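K.L.:
First the structure, which I've put down as structure tokens, then a few questions once you've had a look.
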Amino acid sequence: MTEEVLIVPKNREGERLDKFIADSLLSVSRSSVQKLMDEKSVILNGKATVKSVKVKENDEISVYLPDPEELKALPQDIPLSIVYEDNDLLVVNKPKGMVVHPAPGNPDNTLVNALLFHCKGSLSGINGVIRPGIVHRIDKDTSGLLIVAKNDFAHISLSEQIQAHSFKREYRGVVLGHMKSEKGSVDFSIGRSRTDRKKQAIGGINARNAVTHYEVITRYEGFDLCKFRLETGRTHQIRVHCAALGHPIAGDPVYGSEKNTFGLAGQCLHAKTLGFIHPRTGEYMEFDSPLPEYFVNFLSHLKEQ
């Protein structure tokens with residue numbers, strides 16, 4: 001069991017206790033907080049209390065969280081599209097629709113399950129048993145390149161490159177409408193949405209800096225094909241930034257406002273290019289993934305302006 005201690009700041013005074021806790025602890029939903037309160041696992045100023053109570057400035061709240069039951073990922077013989085592999089790392093081309101690692105609702109048939117089978121357990125352990133080898137992620141319905149570390153040495157080196165913004169990650173995406181400028185940068189911090197826990201939002205809870213550089217490649221009737229380069233790598237970063245500009249990624253069911261045009265299921269976004277210094281050799285390596293069939297088919301429906 002883990003104890004989390006929260007102190008109520010002046011600007012949060014008057015909120016319901018359960019809402020304040022859910023907004024303050026990223027790993028706990030409001031319904032989970034209410035369950036904890038029913039179990040007397042939430043203590044307000046030394047006493048158990050009810051969920052509807054309103055908090056006051058400087059209130060001290062102790063939340064006793066049960067130890068998480070981590071999912072166990074099992075090897076599964078799932079085909080992988082491997083672009084490159086050596087003793088330290090793999091570069092994998094993930095198809096649209098594949099989840100990267102197991103999670104509630106997606107316990108198997110993930111990229112991690114496939115990697116465990118292919119690599120026979122030879123993956124870095126830094127991210128725990130549920131995300132072995134995973135250095136960075138892309139969304140389920142985003143296709144394209146991912147790098148996977150086979151050992152902790154490679155994992156640390158690659159993670160340091162990502163943090164230093166020297167790891168090249170370039171995407172292609174189709175946005176709704178037309179970008180105001182042919183090229184530019186978006187510098188809006190991103191955190192968890194205050195109204196929908198499954199979404200990210202500009203200036204959300206525990207927001208962190210996020211920078212995306214974009215360039216319009218081709219303008220179509222009602223859409224732009226863009227190149228995106230990530231400087232940072234926040235959850236849903238490109239999707240949130242494009243939506244904030246008023247030009248969501250085409251087909252995005254979470255941040256978009258339009259129906260799936262031409263039968264597009266999920267966002268039209270592809271992780272096309274990866275570039276990095278090899279942890280062992282010091283050599284710069286770059287890999288490119290052609291646009292997948294769903295992406296090409298979508299573009300074929302659009303009329304170039």
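Chain labels run A, B, ... following the order of the structure tokens; each chain numbers its residues from 1, and ligands are numbered from 1 in the order shown.
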Could you give me the residues within range 96-296 of chain A that DSSP places in strand (DSSP E), as a ChimeraX atom specification?

P.N.:
/A:143-149,168-176,183-187,190-192,200-202,205-208,211-220,223-230,269-277,284-288

K.L.:
Return as a list in words the full set of residues in range 27-153 of chain A whose backbone-based DSSP assignment is helix (DSSP H, G or I).

P.N.:
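Matching residues for helix (DSSP H, G or I) in range 27-153 of chain A are Arg30, Ser31, Ser32, Val33, Gln34, Lys35, Leu36, Met37, Asp38, Leu111, Val112, Asn113, Ala114, Leu115, Leu116, Phe117, His118, Cys119, Asp152 and Phe153 of chain A.
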
K.L.:
Write out as a PDB file with C-alpha atoms, in the first residue's frame the residues lying within 10 Å of Val55 in chain A, counting only C-alpha atoms and excluding same-chain residues fewer than 5 positions away.

P.N.:
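The result, stored in result29.pdb:
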ATOM      1  CA  ILE A   7      -2.165  19.776   0.541  1.00  0.00           C
ATOM      2  CA  VAL A   8      -4.990  21.937  -0.801  1.00  0.00           C
ATOM      3  CA  PRO A   9      -3.789  25.223  -2.359  1.00  0.00           C
ATOM      4  CA  LYS A  10      -5.826  28.408  -2.085  1.00  0.00           C
ATOM      5  CA  ARG A  12      -8.601  24.846  -5.231  1.00  0.00           C
ATOM      6  CA  GLU A  13     -10.606  25.741  -2.119  1.00  0.00           C
ATOM      7  CA  GLY A  14     -14.290  24.824  -2.379  1.00  0.00           C
ATOM      8  CA  GLU A  15     -13.877  21.815  -4.671  1.00  0.00           C
ATOM      9  CA  ARG A  16     -15.396  18.453  -3.820  1.00  0.00           C
ATOM     10  CA  LEU A  17     -12.847  16.228  -2.136  1.00  0.00           C
ATOM     11  CA  ASP A  18     -13.198  13.371  -4.635  1.00  0.00           C
ATOM     12  CA  LYS A  19     -12.704  15.696  -7.598  1.00  0.00           C
ATOM     13  CA  PHE A  20      -9.676  17.362  -6.032  1.00  0.00           C
ATOM     14  CA  LEU A  44      -8.879  14.366   5.631  1.00  0.00           C
ATOM     15  CA  GLU A  60      -4.090  17.733   4.466  1.00  0.00           C
ATOM     16  CA  ILE A  61      -5.335  14.663   2.634  1.00  0.00           C
TER      17      ILE A  61
END

K.L.:
Can you list every residue of range 8-110 of chain A that has an atom at most 7 Å from range 120-138 of chain A, with its nearest atom pair and the distance in Å to one decimal, using only C-alpha atoms, ordered by chain then number, as a Markdown table?

P.N.:
| residue | atom | partner | partner_atom | distance |
| --- | --- | --- | --- | --- |
| A:Leu71 | CA | A:Ile130 | CA | 6.3 |
| A:Lys72 | CA | A:Ile130 | CA | 6.1 |
| A:Ala73 | CA | A:Ile130 | CA | 5.7 |
| A:Val100 | CA | A:Arg137 | CA | 6.7 |
| A:His101 | CA | A:Arg131 | CA | 6.0 |
| A:Pro102 | CA | A:Ile130 | CA | 6.6 |

K.L.:
CA of Asp108 in chain A to CA of Pro75 in chain A: how many Å, to one decimal?

P.N.:
9.1 Å

K.L.:
So that I can see what lies close to Val99 in chain A, please list as a list in words the residues with an atom at most 9 Å from it, counting only C-alpha atoms and leaving out residues fewer than 3 positions away in the same chain.

P.N.:
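Everything that qualifies: Lys94, Lys96, Pro102, Ala103, Asn106, Asp108, Asn109, Thr110, Leu111, Val112, Ile138, Asp139, Lys140 and Asp141 of chain A.
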
K.L.:
Please provide the set of residues having any atom within 12 Å of range 63-66 of chain A, restricted to only C-alpha atoms, with same-chain residues fewer than 2 positions apart removed, written as an MDAnalysis selection string.

P.N.:
chainID A and resid 1:7 17:18 20:22 24:25 27:29 32:37 39:49 60:61 68:70

K.L.:
Counting only C-alpha atoms, what is within 9 Å of range 171-174 of chain A, bar same-chain residues fewer than 6 positions away, as a ChimeraX atom specification?

P.N.:
/A:144,223-230,248-251,267-273,291,295,299

K.L.:
Store the residues picked out above in a file with N, CA and C atoms, as a CSV table (one decimal), in the first residue's frame.

P.N.:
chain,number,residue,atom,x,y,z
A,144,GLY,N,3.5,3.2,-38.2
A,144,GLY,CA,4.8,3.7,-38.5
A,144,GLY,C,5.9,3.2,-37.5
A,223,PHE,N,-8.2,19.8,-47.2
A,223,PHE,CA,-7.3,19.1,-46.4
A,223,PHE,C,-5.9,19.6,-46.7
A,224,ASP,N,-4.9,19.4,-45.8
A,224,ASP,CA,-3.5,19.6,-46.0
A,224,ASP,C,-2.7,18.4,-45.6
A,225,LEU,N,-1.8,17.9,-46.5
A,225,LEU,CA,-0.9,16.9,-46.1
A,225,LEU,C,0.3,17.6,-45.5
A,226,CYS,N,0.7,17.2,-44.3
A,226,CYS,CA,1.8,17.9,-43.6
A,226,CYS,C,2.9,17.0,-43.1
A,227,LYS,N,4.0,17.6,-43.0
A,227,LYS,CA,5.2,16.9,-42.3
A,227,LYS,C,5.3,17.5,-40.9
A,228,PHE,N,5.4,16.6,-39.9
A,228,PHE,CA,5.5,17.0,-38.5
A,228,PHE,C,6.8,16.5,-38.0
A,229,ARG,N,7.5,17.3,-37.2
A,229,ARG,CA,8.7,16.9,-36.6
A,229,ARG,C,8.6,17.2,-35.1
A,230,LEU,N,8.7,16.1,-34.3
A,230,LEU,CA,8.6,16.3,-32.8
A,230,LEU,C,9.9,16.7,-32.2
A,248,PRO,N,-7.7,19.6,-36.9
A,248,PRO,CA,-7.4,18.3,-36.4
A,248,PRO,C,-7.0,17.3,-37.4
A,249,ILE,N,-6.3,16.2,-37.0
A,249,ILE,CA,-5.9,15.2,-38.0
A,249,ILE,C,-7.1,14.5,-38.5
A,250,ALA,N,-7.2,14.3,-39.8
A,250,ALA,CA,-8.3,13.7,-40.5
A,250,ALA,C,-8.6,12.3,-39.9
A,251,GLY,N,-9.9,12.1,-39.6
A,251,GLY,CA,-10.3,10.8,-39.0
A,251,GLY,C,-10.1,10.6,-37.5
A,267,GLN,N,-7.2,8.2,-36.9
A,267,GLN,CA,-6.4,9.3,-37.4
A,267,GLN,C,-5.5,8.9,-38.6
A,268,CYS,N,-5.4,9.8,-39.5
A,268,CYS,CA,-4.5,9.6,-40.7
A,268,CYS,C,-3.1,10.2,-40.3
A,269,LEU,N,-2.3,9.4,-39.6
A,269,LEU,CA,-1.1,9.9,-39.1
A,269,LEU,C,-0.1,8.7,-39.1
A,270,HIS,N,1.1,9.0,-39.6
A,270,HIS,CA,2.1,7.9,-39.9
A,270,HIS,C,3.5,8.4,-39.4
A,271,ALA,N,4.1,7.6,-38.5
A,271,ALA,CA,5.5,7.9,-38.1
A,271,ALA,C,6.5,7.4,-39.2
A,272,LYS,N,6.9,8.3,-40.0
A,272,LYS,CA,7.6,8.0,-41.2
A,272,LYS,C,9.1,7.8,-41.1
A,273,THR,N,9.7,8.7,-40.3
A,273,THR,CA,11.2,8.7,-40.2
A,273,THR,C,11.7,8.6,-38.8
A,291,LEU,N,4.5,5.5,-46.9
A,291,LEU,CA,3.1,5.6,-46.5
A,291,LEU,C,2.4,4.3,-46.7
A,295,PHE,N,-3.2,5.1,-45.9
A,295,PHE,CA,-2.9,6.5,-46.1
A,295,PHE,C,-2.9,6.9,-47.6
A,299,LEU,N,-5.4,9.6,-49.6
A,299,LEU,CA,-4.9,10.7,-50.5
A,299,LEU,C,-5.4,10.6,-51.9

K.L.:
Report, in Å with one decimal, the straight-line distance from CA of His178 in chain A to CA of Glu304 in chain A.

P.N.:
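We find that CA of His178 in chain A and CA of Glu304 in chain A lie 12.4 Å from each other.
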
K.L.:
Would you mind telling me which residue in A:Asn113, A:Ser166, A:Asn11, A:Thr235 lies nearest to Gly191 in chain A when using only C-alpha atoms?

P.N.:
A:Thr235

K.L.:
Between CA of Leu245 in chain A and CA of Gly222 in chain A, what is the distance in Å, rounded to a tenth?

P.N.:
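Result for CA of Leu245 in chain A versus CA of Gly222 in chain A: 15.2 Å, one decimal.
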
K.L.:
Which residues are near Asp86 in chain A? Cut-off 12 Å, only C-alpha atoms, ignore same chain within fewer than 5 positions. Put them as a ChimeraX atom specification.

P.N.:
/A:91,119,122,147-151,154,278-281
